[in-house]
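Printed here is upload.txt (compact mmCIF, C-alpha atoms):
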```
# COMPACT_ATOMS: atom_id res chain seq x y z
CA MET A 1 88.64 117.54 58.41
CA THR A 2 85.36 115.64 58.02
CA ASN A 3 82.23 116.64 59.89
CA GLN A 4 82.53 113.54 62.12
CA GLU A 5 86.14 114.38 62.96
CA SER A 6 85.31 117.99 63.80
CA GLN A 7 82.62 116.75 66.19
CA ASN A 8 85.17 114.66 68.06
CA ASN A 9 88.09 117.09 68.04
CA PHE A 10 88.72 120.19 70.07
CA SER A 11 89.91 123.36 68.42
CA GLU A 12 93.01 125.02 69.85
CA ALA A 13 90.84 127.71 71.42
CA ASP A 14 88.60 125.10 73.04
CA SER A 15 91.50 123.14 74.52
CA ALA A 16 92.88 126.40 75.93
CA PHE A 17 89.43 127.12 77.38
CA LEU A 18 89.35 123.64 78.96
CA CYS A 19 92.82 124.23 80.37
CA ARG A 20 91.62 127.46 81.96
CA ILE A 21 88.56 125.76 83.49
CA VAL A 22 90.72 122.98 84.93
CA PHE A 23 93.23 125.38 86.46
CA VAL A 24 90.54 127.67 87.87
CA VAL A 25 89.15 124.61 89.68
CA ILE A 26 92.65 123.63 90.84
CA LEU A 27 93.39 127.16 92.02
CA VAL A 28 90.12 127.29 93.99
CA ASP A 29 91.05 123.94 95.53
CA LEU A 30 94.47 125.29 96.48
CA PHE A 31 92.70 128.12 98.33
CA PHE A 32 90.55 125.45 100.04
CA SER A 33 93.80 123.73 101.02
CA GLY A 34 94.91 127.00 102.57
CA PHE A 35 91.67 127.22 104.58
CA SER A 36 92.11 123.52 105.44
CA ASN A 37 95.62 124.06 106.84
CA THR A 38 97.00 121.47 104.45
CA LEU A 39 99.40 123.54 102.37
CA VAL A 40 103.01 122.43 102.75
CA HIS A 41 104.04 125.31 105.01
CA GLN A 42 101.02 124.71 107.26
CA LEU A 43 101.83 121.07 107.97
CA GLN A 44 104.35 121.96 110.70
CA SER A 45 107.05 119.47 109.57
CA PRO A 46 105.09 116.25 110.11
CA VAL A 47 106.93 113.31 111.67
CA LEU A 48 105.05 110.13 110.71
CA LYS A 49 105.27 108.90 107.14
CA PHE A 50 103.20 106.26 105.41
CA PRO A 51 104.88 105.01 102.23
CA TYR A 52 103.38 101.55 102.78
CA LEU A 53 103.57 99.23 99.75
CA ASP A 54 103.57 101.85 97.03
CA PRO A 55 106.89 101.92 95.07
CA VAL A 56 106.43 105.61 94.19
CA PHE A 57 106.09 106.57 97.85
CA LEU A 58 108.98 104.28 98.84
CA LEU A 59 111.20 105.91 96.19
CA MET A 60 110.25 109.44 97.22
CA HIS A 61 111.05 108.70 100.87
CA PHE A 62 114.25 106.91 99.87
CA LEU A 63 115.29 110.16 98.18
CA HIS A 64 114.08 112.10 101.27
CA ILE A 65 112.21 114.56 99.06
CA PRO A 66 109.01 114.84 101.18
CA GLU A 67 111.13 115.28 104.33
CA LEU A 68 113.31 117.93 102.67
CA VAL A 69 110.35 119.98 101.44
CA THR A 70 108.39 119.87 104.71
CA SER A 71 111.31 120.27 107.15
CA TYR A 72 112.50 123.68 106.03
CA LYS A 73 110.04 126.55 106.39
CA LEU A 74 111.54 128.48 103.50
CA ILE A 75 111.32 125.55 101.07
CA ALA A 76 107.78 124.78 102.24
CA TRP A 77 106.67 128.40 101.64
CA LEU A 78 108.43 128.43 98.29
CA TRP A 79 106.67 125.19 97.31
CA ASP A 80 103.25 126.65 98.07
CA PHE A 81 104.09 129.89 96.30
CA ILE A 82 105.11 128.04 93.12
CA LEU A 83 101.93 125.94 93.22
CA PHE A 84 99.75 129.06 93.42
CA ALA A 85 101.85 131.11 91.00
CA SER A 86 102.05 128.40 88.32
CA ALA A 87 98.30 127.59 88.53
CA THR A 88 97.46 131.29 88.26
CA ALA A 89 99.88 131.87 85.36
CA ILE A 90 98.44 128.92 83.43
CA ILE A 91 94.96 130.49 83.59
CA PHE A 92 96.38 133.52 81.76
CA PHE A 93 98.79 131.62 79.52
CA PRO A 94 97.25 128.18 78.89
CA ARG A 95 99.59 127.45 75.98
CA LYS A 96 102.82 127.80 77.96
CA LYS A 97 103.64 124.14 78.45
CA TRP A 98 106.65 124.78 80.66
CA LEU A 99 104.32 126.33 83.22
CA ILE A 100 102.19 123.18 83.18
CA VAL A 101 105.32 121.03 83.59
CA VAL A 102 106.37 123.11 86.61
CA PHE A 103 102.91 122.80 88.13
CA ILE A 104 102.78 119.01 87.62
CA ILE A 105 106.21 118.47 89.22
CA PHE A 106 105.39 120.59 92.26
CA TYR A 107 101.88 119.19 92.60
CA PHE A 108 103.18 115.62 92.35
CA ILE A 109 105.46 116.16 95.35
CA TYR A 110 102.60 117.91 97.18
CA TYR A 111 100.44 114.87 96.41
CA ILE A 112 103.08 112.54 97.93
CA ILE A 113 103.43 114.79 101.00
CA PHE A 114 99.66 115.05 101.50
CA ASN A 115 99.08 111.31 101.26
CA SER A 116 102.17 110.07 103.07
CA PHE A 117 102.10 112.46 106.03
CA GLY A 118 98.30 112.29 106.02
CA ALA A 119 98.84 108.55 106.64
CA HIS A 120 96.38 107.40 104.00
CA HIS A 121 96.79 107.11 100.22
CA THR A 122 93.63 108.93 99.23
CA HIS A 123 92.19 108.92 95.72
CA SER A 124 90.86 112.44 95.96
CA LEU A 125 93.81 114.40 94.53
CA VAL A 126 94.29 112.07 91.53
CA PRO A 127 92.11 114.18 89.16
CA PHE A 128 94.18 117.30 89.90
CA LEU A 129 97.38 115.40 89.24
CA LEU A 130 96.38 113.63 86.03
CA THR A 131 94.17 116.16 84.24
CA PRO A 132 96.93 118.78 83.68
CA VAL A 133 99.06 116.13 81.93
CA VAL A 134 96.77 116.07 78.87
CA PHE A 135 97.47 119.77 78.22
CA LEU A 136 101.09 118.88 77.51
CA PHE A 137 100.08 117.06 74.33
CA SER A 138 100.38 118.70 70.94
CA LYS A 139 97.41 120.35 69.24
CA LYS A 140 96.95 117.25 67.08
CA SER A 141 97.13 114.76 69.93
CA PHE A 142 95.14 116.71 72.51
CA SER A 143 91.74 115.25 71.57
CA PHE A 144 93.15 111.71 71.86
CA ALA A 145 94.72 112.48 75.25
CA TRP A 146 91.44 114.00 76.45
CA GLN A 147 89.63 110.84 75.32
CA GLY A 148 92.23 108.79 77.19
CA LEU A 149 91.36 110.72 80.34
CA ARG A 150 87.68 110.05 79.67
CA TYR A 151 88.40 106.31 79.52
CA PHE A 152 90.40 106.52 82.75
CA PHE A 153 87.43 108.19 84.42
CA LEU A 154 85.05 105.55 83.05
CA PHE A 155 87.46 102.90 84.31
CA ALA A 156 87.55 104.39 87.85
CA TYR A 157 83.79 104.20 88.38
CA SER A 158 83.40 100.95 86.41
CA ALA A 159 86.12 99.37 88.57
CA ALA A 160 84.32 100.59 91.71
CA PHE A 161 81.19 98.84 90.39
CA LEU A 162 83.03 95.62 89.52
CA TRP A 163 84.84 95.41 92.88
CA LYS A 164 81.45 95.68 94.61
CA PHE A 165 79.89 93.22 92.19
CA PHE A 166 82.52 90.50 92.62
CA ARG A 167 82.85 91.02 96.36
CA PHE A 168 79.05 90.63 96.58
CA SER A 169 78.87 93.64 98.91
CA TRP A 170 75.67 94.71 97.14
CA LEU A 171 74.01 91.52 98.42
CA TYR A 172 74.70 92.15 102.11
CA THR A 173 71.56 93.84 103.36
CA ASP A 174 73.31 95.77 106.15
CA GLN A 175 76.13 97.20 104.01
CA GLY A 176 74.52 100.66 103.71
CA ILE A 177 73.75 101.14 107.40
CA LEU A 178 77.15 99.82 108.53
CA ILE A 179 78.99 102.25 106.22
CA MET A 180 76.98 105.10 107.69
CA LYS A 181 77.41 103.99 111.30
CA LYS A 182 81.18 103.62 110.92
CA ASN A 183 81.75 106.97 109.23
CA LEU A 184 79.15 109.14 110.92
CA ALA A 185 79.80 108.03 114.50
CA PRO A 186 82.05 111.04 115.34
CA TYR A 187 79.62 113.60 113.87
CA LEU A 188 76.60 112.10 115.61
CA TYR A 189 78.48 111.71 118.90
CA PHE A 190 79.52 115.38 118.93
CA ASN A 191 76.34 116.80 117.32
CA PRO A 192 73.35 114.62 118.17
CA ASN A 193 70.83 117.48 118.13
CA THR A 194 71.34 119.16 114.74
CA PHE A 195 68.87 118.95 111.86
CA LEU A 196 71.38 116.91 109.84
CA ALA A 197 71.79 114.52 112.78
CA SER A 198 68.02 114.01 112.88
CA VAL A 199 68.12 113.15 109.15
CA TYR A 200 70.94 110.66 109.75
CA PHE A 201 69.15 109.08 112.73
CA TRP A 202 65.98 108.79 110.67
CA PHE A 203 67.87 106.91 107.97
CA ILE A 204 69.59 104.73 110.59
CA ASN A 205 66.15 103.79 111.84
CA HIS A 206 65.18 102.90 108.25
CA PRO A 207 68.15 100.76 107.19
CA SER A 208 66.40 99.40 104.11
CA LEU A 209 66.38 102.93 102.65
CA LEU A 210 70.13 103.19 103.24
CA GLN A 211 70.56 99.90 101.43
CA VAL A 212 68.51 101.29 98.53
CA LEU A 213 70.85 104.32 98.44
CA TYR A 214 73.92 102.08 98.50
CA VAL A 215 72.62 99.85 95.69
CA THR A 216 71.54 102.93 93.70
CA GLY A 217 75.10 104.26 93.93
CA PHE A 218 76.41 100.85 92.92
CA VAL A 219 74.14 100.79 89.84
CA MET A 220 75.12 104.38 88.97
CA GLU A 221 78.78 103.35 89.01
CA GLY A 222 77.92 100.40 86.78
CA LEU A 223 76.33 102.72 84.22
CA PHE A 224 79.80 104.10 83.45
CA ILE A 225 80.55 100.80 81.64
CA ILE A 226 78.17 102.01 78.89
CA GLY A 227 80.60 104.86 78.20
CA PHE A 228 83.16 102.38 76.86
CA PHE A 229 80.81 101.51 73.99
CA THR A 230 79.04 104.76 73.18
CA LYS A 231 79.20 108.47 73.91
CA LYS A 232 75.46 108.81 73.45
CA TYR A 233 74.79 108.74 77.18
CA ASP A 234 77.70 110.95 78.22
CA PRO A 235 75.37 113.81 79.33
CA VAL A 236 73.62 111.35 81.70
CA LEU A 237 76.98 110.08 82.99
CA PHE A 238 78.08 113.69 83.49
CA ILE A 239 75.09 114.33 85.77
CA ILE A 240 75.77 111.06 87.62
CA SER A 241 79.39 112.11 88.07
CA LEU A 242 78.08 115.16 89.96
CA ILE A 243 75.61 113.14 92.03
CA LEU A 244 77.98 110.37 93.17
CA PRO A 245 80.28 112.61 95.27
CA LEU A 246 77.16 113.90 97.06
CA GLY A 247 76.17 110.29 97.74
CA PHE A 248 79.62 109.50 99.18
CA TRP A 249 79.35 112.60 101.35
CA PHE A 250 75.93 111.64 102.70
CA MET A 251 76.59 107.94 103.24
CA ALA A 252 80.22 108.06 104.34
CA ASP A 253 81.06 111.65 105.27
CA ALA A 254 83.72 111.63 102.52
CA LEU A 255 83.60 114.43 99.99
CA PHE A 256 85.35 113.34 96.78
CA TYR A 257 84.39 116.52 94.93
CA GLU A 258 87.68 116.42 93.02
CA MET A 259 86.33 113.49 90.95
CA ALA A 260 83.84 115.88 89.37
CA LEU A 261 86.77 117.44 87.49
CA PHE A 262 87.08 114.24 85.46
CA GLY A 263 83.41 114.75 84.58
CA LEU A 264 84.51 117.47 82.13
CA THR A 265 85.75 114.69 79.84
CA LEU A 266 82.11 113.66 79.33
CA LEU A 267 81.22 116.99 77.74
CA SER A 268 81.36 117.04 73.96
CA PRO A 269 83.60 119.45 72.00
CA ALA A 270 80.42 121.22 70.84
CA ILE A 271 79.36 121.96 74.45
CA ILE A 272 82.85 123.18 75.33
CA ALA A 273 82.89 125.43 72.24
CA LYS A 274 79.48 126.81 73.17
CA GLY A 275 80.68 127.44 76.74
CA ARG A 276 83.74 129.28 75.46
CA ILE A 277 81.68 131.50 73.20
CA MET A 278 79.26 132.25 76.04
CA ALA A 279 82.19 133.12 78.30
CA SER A 280 83.61 135.25 75.43
CA ILE A 281 87.17 134.47 76.41
CA PRO A 282 89.67 135.79 73.87
CA PHE A 283 92.37 133.41 72.70
CA HIS A 284 95.83 134.44 71.62
CA LYS A 285 97.89 131.81 69.86
CA ARG A 286 101.02 132.97 71.55
CA MET B 1 96.23 93.06 86.06
CA CYS B 2 97.87 95.14 88.83
CA ASN B 3 94.45 96.50 89.67
CA LEU B 4 92.94 93.03 89.86
CA SER B 5 95.65 91.84 92.23
CA GLY B 6 95.10 94.91 94.40
CA PHE B 7 98.62 96.25 93.72
CA GLU B 8 98.79 100.05 93.61
CA ILE B 9 101.32 102.44 92.10
CA ALA B 10 100.44 106.10 92.69
CA PRO B 11 98.44 107.65 91.13
CA PHE B 12 96.93 104.48 89.65
CA TYR B 13 94.91 103.11 92.50
CA VAL B 14 92.41 100.35 93.04
CA TRP B 15 89.01 102.06 92.86
CA GLY B 16 87.24 99.73 95.23
CA MET B 17 85.62 102.27 97.52
CA TYR B 18 83.19 100.73 100.03
CA SER B 19 83.27 97.40 98.19
CA GLU B 20 84.58 95.36 101.11
CA ARG B 21 81.93 93.70 103.22
CA GLU B 22 81.22 95.71 106.35
CA ILE B 23 81.12 93.66 109.53
CA GLU B 24 79.45 95.20 112.56
CA PRO B 25 82.14 95.60 115.24
CA ALA B 26 81.48 95.16 118.95
CA SER B 27 82.16 98.89 119.26
CA TYR B 28 83.25 101.83 117.10
CA GLN B 29 86.28 103.93 117.95
CA ILE B 30 86.20 107.71 117.94
CA TYR B 31 88.71 110.26 119.23
CA ARG B 32 88.00 112.87 121.86
CA VAL B 33 90.47 115.75 121.53
CA THR B 34 90.63 118.11 124.51
CA ILE B 35 92.55 121.36 124.20
CA ASN B 36 93.10 123.47 127.33
CA ASP B 37 90.22 121.60 129.04
CA LYS B 38 87.86 122.31 126.14
CA GLN B 39 86.64 119.56 123.81
CA LEU B 40 87.35 120.06 120.10
CA ASP B 41 84.49 119.19 117.75
CA TYR B 42 86.51 118.31 114.69
CA SER B 43 83.45 116.84 112.97
CA THR B 44 82.00 120.24 112.05
CA GLY B 45 83.40 123.57 110.97
CA TYR B 46 86.50 122.18 109.29
CA PHE B 47 87.11 121.49 105.62
CA PRO B 48 87.31 117.78 104.71
CA ALA B 49 91.08 117.92 104.10
CA ASN B 50 91.58 119.56 107.51
CA ARG B 51 89.55 116.85 109.22
CA PHE B 52 91.57 114.27 107.31
CA PHE B 53 94.82 115.69 108.70
CA LEU B 54 93.35 115.95 112.21
CA LEU B 55 92.24 112.32 112.29
CA SER B 56 94.18 110.11 109.90
CA PRO B 57 97.69 110.70 111.37
CA LEU B 58 96.17 110.23 114.83
CA MET B 59 94.77 106.83 113.81
CA TYR B 60 98.14 105.95 112.32
CA TYR B 61 99.94 106.95 115.53
CA GLN B 62 97.58 104.72 117.50
CA SER B 63 98.20 101.79 115.16
CA LEU B 64 102.01 102.33 115.22
CA LYS B 65 101.95 102.25 119.01
CA GLU B 66 99.76 99.18 119.14
CA SER B 67 100.88 97.10 116.15
CA GLY B 68 104.17 98.53 114.80
CA ASP B 69 105.09 99.98 111.41
CA PRO B 70 103.15 98.36 108.53
CA THR B 71 105.75 99.37 105.91
CA PHE B 72 108.59 97.77 107.88
CA ALA B 73 106.48 94.65 108.52
CA PHE B 74 105.76 94.38 104.80
CA LEU B 75 109.42 94.72 103.80
CA GLN B 76 110.42 92.18 106.46
CA LYS B 77 107.84 89.71 105.22
CA LYS B 78 108.82 90.10 101.56
CA LEU B 79 112.59 90.25 101.95
CA GLY B 80 113.24 87.98 104.93
CA GLN B 81 116.99 87.76 105.67
CA ASN B 82 117.73 90.03 102.69
CA LEU B 83 116.29 92.91 104.68
CA ASN B 84 119.76 93.19 106.28
CA LEU B 85 121.02 94.52 102.94
CA LEU B 86 118.64 97.44 103.31
CA THR B 87 119.69 98.22 106.88
CA PRO B 88 121.56 101.44 105.93
CA TYR B 89 118.48 102.72 104.09
CA ILE B 90 115.60 101.34 106.15
CA PHE B 91 115.28 104.55 108.15
CA SER B 92 114.03 106.15 104.91
CA PHE B 93 110.87 104.08 105.05
CA GLU B 94 110.43 103.23 108.69
CA ASN B 95 108.95 105.36 111.44
CA SER B 96 111.59 105.24 114.17
CA ALA B 97 110.77 105.15 117.88
CA GLN B 98 112.01 108.74 118.01
CA SER B 99 109.61 109.96 115.32
CA ILE B 100 106.72 108.12 117.01
CA ASN B 101 107.63 109.84 120.29
CA GLU B 102 107.71 113.19 118.50
CA PHE B 103 104.15 112.79 117.23
CA PRO B 104 102.31 114.35 120.23
CA ASP B 105 104.43 117.51 119.85
CA TRP B 106 103.72 117.66 116.13
CA TYR B 107 100.02 117.08 116.70
CA LYS B 108 99.96 119.91 119.20
CA LYS B 109 101.62 122.25 116.69
CA TYR B 110 99.20 121.21 113.95
CA LEU B 111 96.24 121.77 116.27
CA GLU B 112 97.60 125.24 117.08
CA GLN B 113 97.87 125.91 113.34
CA THR B 114 94.29 124.68 112.82
CA THR B 115 92.57 126.31 115.77
CA GLY B 116 94.73 129.45 116.00
CA LYS B 117 94.96 128.91 119.77
CA ARG B 118 98.02 128.48 121.94
CA ILE B 119 97.79 125.02 123.48
CA GLN B 120 98.90 124.62 127.09
CA TYR B 121 97.34 121.24 127.59
CA LEU B 122 96.37 118.52 125.13
CA GLN B 123 94.60 115.27 125.78
CA VAL B 124 93.43 112.75 123.21
CA ASP B 125 91.24 109.86 124.33
CA VAL B 126 90.16 106.86 122.31
CA LEU B 127 86.50 106.16 122.96
CA ASP B 128 84.86 102.81 122.33
CA VAL B 129 81.28 103.69 121.53
CA SER B 130 78.19 101.76 120.61
CA TRP B 131 74.89 102.67 119.03
CA ARG B 132 71.74 102.58 121.12
CA LYS B 133 68.27 102.09 119.72
CA ASN B 134 67.04 105.42 121.08
CA ASN B 135 69.09 107.45 118.57
CA SER B 136 72.11 107.86 120.77
CA ILE B 137 75.72 106.81 120.96
CA THR B 138 77.10 105.78 124.32
CA VAL B 139 80.70 105.48 125.47
CA ASP B 140 81.54 101.97 126.65
CA SER B 141 85.16 102.61 127.58
CA ALA B 142 87.94 105.15 127.05
CA TYR B 143 91.70 105.39 127.35
CA HIS B 144 94.33 108.10 126.95
CA LEU B 145 96.26 108.15 123.68
CA ILE B 146 98.00 111.48 124.26
CA ASN B 147 98.26 113.30 127.55
CA ASP B 148 100.60 116.19 127.09
```
With the file now loaded, output its structure as structure tokens.
Amino acid sequence: MTNQESQNNFSEADSAFLCRIVFVVILVDLFFSGFSNTLVHQLQSPVLKFPYLDPVFLLMHFLHIPELVTSYKLIAWLWDFILFASATAIIFFPRKKWLIVVFIIFYFIYYIIFNSFGAHHTHSLVPFLLTPVVFLFSKKSFSFAWQGLRYFFLFAYSAAFLWKFFRFSWLYTDQGILIMKKNLAPYLYFNPNTFLASVYFWFINHPSLLQVLYVTGFVMEGLFIIGFFTKKYDPVLFIISLILPLGFWFMADALFYEMALFGLTLLSPAIIAKGRIMASIPFHKR
Amino acid sequence: MCNLSGFEIAPFYVWGMYSEREIEPASYQIYRVTINDKQLDYSTGYFPANRFFLLSPLMYYQSLKESGDPTFAFLQKKLGQNLNLLTPYIFSFENSAQSINEFPDWYKKYLEQTTGKRIQYLQVDVLDVSWRKNNSITVDSAYHLIND
């Protein structure tokens, strides 16, 4: 292996380390789901479905899979148990691909249930659904699959930039304030006297600053296009990938923290290797 | 190409967040949820996913009651007369009148799950609100969505 190749490729130990990081994040999020009352057994057999125009959702409802899983308490509990158990087992045995397959199948159905019975096809769970797939690739192909995920991530934010660019939303001077007014109305109606409310009201009284924030976010999304041509600025893009979810939270009361998981793809193999050594995690090939 | 045309197949979505032009409406709609005569402040103290499940199905219920099922309308528009061929299967995709009627009971159960309280009485109002210049939001009108 040449020096250049070794800089771009992950060792087996590093890919196992990445797998562990990803599944620790997923496991923590599953606990959040428990606190959020959005695990399958907590949904109380929902009655309204929203397959809309998506063929995958239409197929799943045609097969009655979401209804079957949510209607029976025992199956719903079993579903949640397998999600937790498989995610936990993968942290200990990151090389057991069958465990990852089990997790992906169960999480995929959970993803359909969450979005269909939640009546909105959210983007937020996509990183948890797609990232585990790359750990199914062979040792040789893993680095390519990981790069593929990096390009998907670059595409997501670049597309967000391009949609705004071609819809000219960045030129409408009231775009920022109208996004905030629409999304923060419930919070400010119920809590007009908190410190955070005073911050929001201050910004609402200074709409040009909100427009600056909106355009700043738009430009930050556009910077991801650079990633298609060079990896030189990946550390900068990594930091931006952490800042953007905070921006969405502030401007629109929507916390897409799951997107930060994709940000891992912007870290070089050298940084991951250093992180693994610092964490001193032993690796057993079995 | 699918992305450009706005066509989505899960999990490959159109990443166009907040790219559509925002038009200032005459009023904004918010929901007032009252449980056992006490107002629920769902905007604080709940994880984002919890808030999502407290609000999004409620908005969907309101739209189903007011404008019908969007999935059924889409299939009808695309398939025309051929929709009859799907009649035996359409219940798989469509929200029936029965399931729409069952929603208030489900919502009550989900609120009990979320709040940990036994609910004797549930009322959900849709409030039309507008922004005032003195840093306040005022209610212009309200109507009952659920009164159970």
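Using all atoms listed in the file, the smallest distance between any of B:Ser130, B:Asn82, B:Asn36, B:Gln76 and chain A comes from B:Ser130.
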**OP:** Could you give me, as a ChimeraX atom specification, the residues that sit within 10 Å of (93.8, 112.8, 111.5) in the file's coordinates, counting only C-alpha atoms?
**Re:** /A:117-120 /B:31,42,49-61,107
Residues from the last selection, C-alpha atoms, saved as a PDB file, in the coordinates of the input:
```
ATOM      1  CA  PHE A 117     102.100 112.460 106.030  1.00  0.00           C
ATOM      2  CA  GLY A 118      98.300 112.290 106.020  1.00  0.00           C
ATOM      3  CA  ALA A 119      98.840 108.550 106.640  1.00  0.00           C
ATOM      4  CA  HIS A 120      96.380 107.400 104.000  1.00  0.00           C
TER       5      HIS A 120
ATOM      6  CA  TYR B  31      88.710 110.260 119.230  1.00  0.00           C
ATOM      7  CA  TYR B  42      86.510 118.310 114.690  1.00  0.00           C
ATOM      8  CA  ALA B  49      91.080 117.920 104.100  1.00  0.00           C
ATOM      9  CA  ASN B  50      91.580 119.560 107.510  1.00  0.00           C
ATOM     10  CA  ARG B  51      89.550 116.850 109.220  1.00  0.00           C
ATOM     11  CA  PHE B  52      91.570 114.270 107.310  1.00  0.00           C
ATOM     12  CA  PHE B  53      94.820 115.690 108.700  1.00  0.00           C
ATOM     13  CA  LEU B  54      93.350 115.950 112.210  1.00  0.00           C
ATOM     14  CA  LEU B  55      92.240 112.320 112.290  1.00  0.00           C
ATOM     15  CA  SER B  56      94.180 110.110 109.900  1.00  0.00           C
ATOM     16  CA  PRO B  57      97.690 110.700 111.370  1.00  0.00           C
ATOM     17  CA  LEU B  58      96.170 110.230 114.830  1.00  0.00           C
ATOM     18  CA  MET B  59      94.770 106.830 113.810  1.00  0.00           C
ATOM     19  CA  TYR B  60      98.140 105.950 112.320  1.00  0.00           C
ATOM     20  CA  TYR B  61      99.940 106.950 115.530  1.00  0.00           C
ATOM     21  CA  TYR B 107     100.020 117.080 116.700  1.00  0.00           C
TER      22      TYR B 107
END
```
Subject >> Point-to-point distance from atom CA of B:Phe103 to atom CA of A:Lys181, Å rounded to tenths >> reply: 28.8 Å
Find the spatial neighbours of B:Ile137, counting all atoms listed in the file, within a cut-off of 8 Å - ignore same-chain residues fewer than 4 positions away - and output them as a JSON list (two decimals) with C-alpha atoms, in the coordinates of the input.
```json
[["chain", "number", "residue", "atom", "x", "y", "z"],
["A", 185, "ALA", "CA", 79.80, 108.03, 114.50],
["A", 188, "LEU", "CA", 76.60, 112.10, 115.61],
["A", 189, "TYR", "CA", 78.48, 111.71, 118.90],
["B", 129, "VAL", "CA", 81.28, 103.69, 121.53],
["B", 130, "SER", "CA", 78.19, 101.76, 120.61],
["B", 131, "TRP", "CA", 74.89, 102.67, 119.03],
["B", 132, "ARG", "CA", 71.74, 102.58, 121.12]]
```
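Going from atom CA of B:Phe47 to atom CA of A:Ala159 covers 27.9 Å.
Distances from A:Ile100, A:Leu125, A:Ala279, A:Ile243 to chain B were compared using all atoms listed in the file, and the smallest one belongs to A:Leu125.
Close to (69.7, 104.3, 108.4), meaning no more than 8 Å away when counting only C-alpha atoms, sit the residues Gly176, Ile177, Met180, Tyr200, Phe201, Trp202, Phe203, Ile204, Asn205, His206, Pro207, Ser208, Leu209 and Leu210 of chain A.
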Subject >> chain A contacts to chain B at 7 Å (only C-alpha atoms) as a PyMOL selection string >> reply: chain A and resi 36-38+42-44+46-49+51-56+58+61-62+64+118-120+126+156+159-160+163-164+167+169+175+178-179+182+186-187+189-190+201+255
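Note that atom CA of A:Val40 and atom CA of A:Phe57 are 16.9 Å apart.
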**OP:** Please provide the set of residues having any atom within 8 Å of A:Ile112, restricted to only C-alpha atoms, with same-chain residues fewer than 4 positions apart removed, written as a PyMOL selection string.
**Re:** chain A and resi 57+60+66+108+116
So that I have them on file, write out the residues from the current selection with C-alpha atoms, as a PDB file, in the coordinates of the input.
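And here is the file that came out, again10.pdb:
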```pdb
ATOM      1  CA  PHE A  57     106.090 106.570  97.850  1.00  0.00           C
ATOM      2  CA  MET A  60     110.250 109.440  97.220  1.00  0.00           C
ATOM      3  CA  PRO A  66     109.010 114.840 101.180  1.00  0.00           C
ATOM      4  CA  PHE A 108     103.180 115.620  92.350  1.00  0.00           C
ATOM      5  CA  SER A 116     102.170 110.070 103.070  1.00  0.00           C
TER       6      SER A 116
END
```
Centre and edge lengths of an axis-aligned box around all listed atoms of stretch 92-105 of chain B, with 6 Å added on each side, are to be given in Å to one decimal, as AutoDock Vina command-line options.
```
--center_x 108.2 --center_y 110.4 --center_z 112.6 --size_x 23.7 --size_y 26.3 --size_z 27.4
```
**OP:** Find the residue from A:Leu162, A:Val219, A:Leu136, A:Ala76 that sits nearest to A:Leu99; use all atoms listed in the file when measuring.
**Re:** A:Leu136
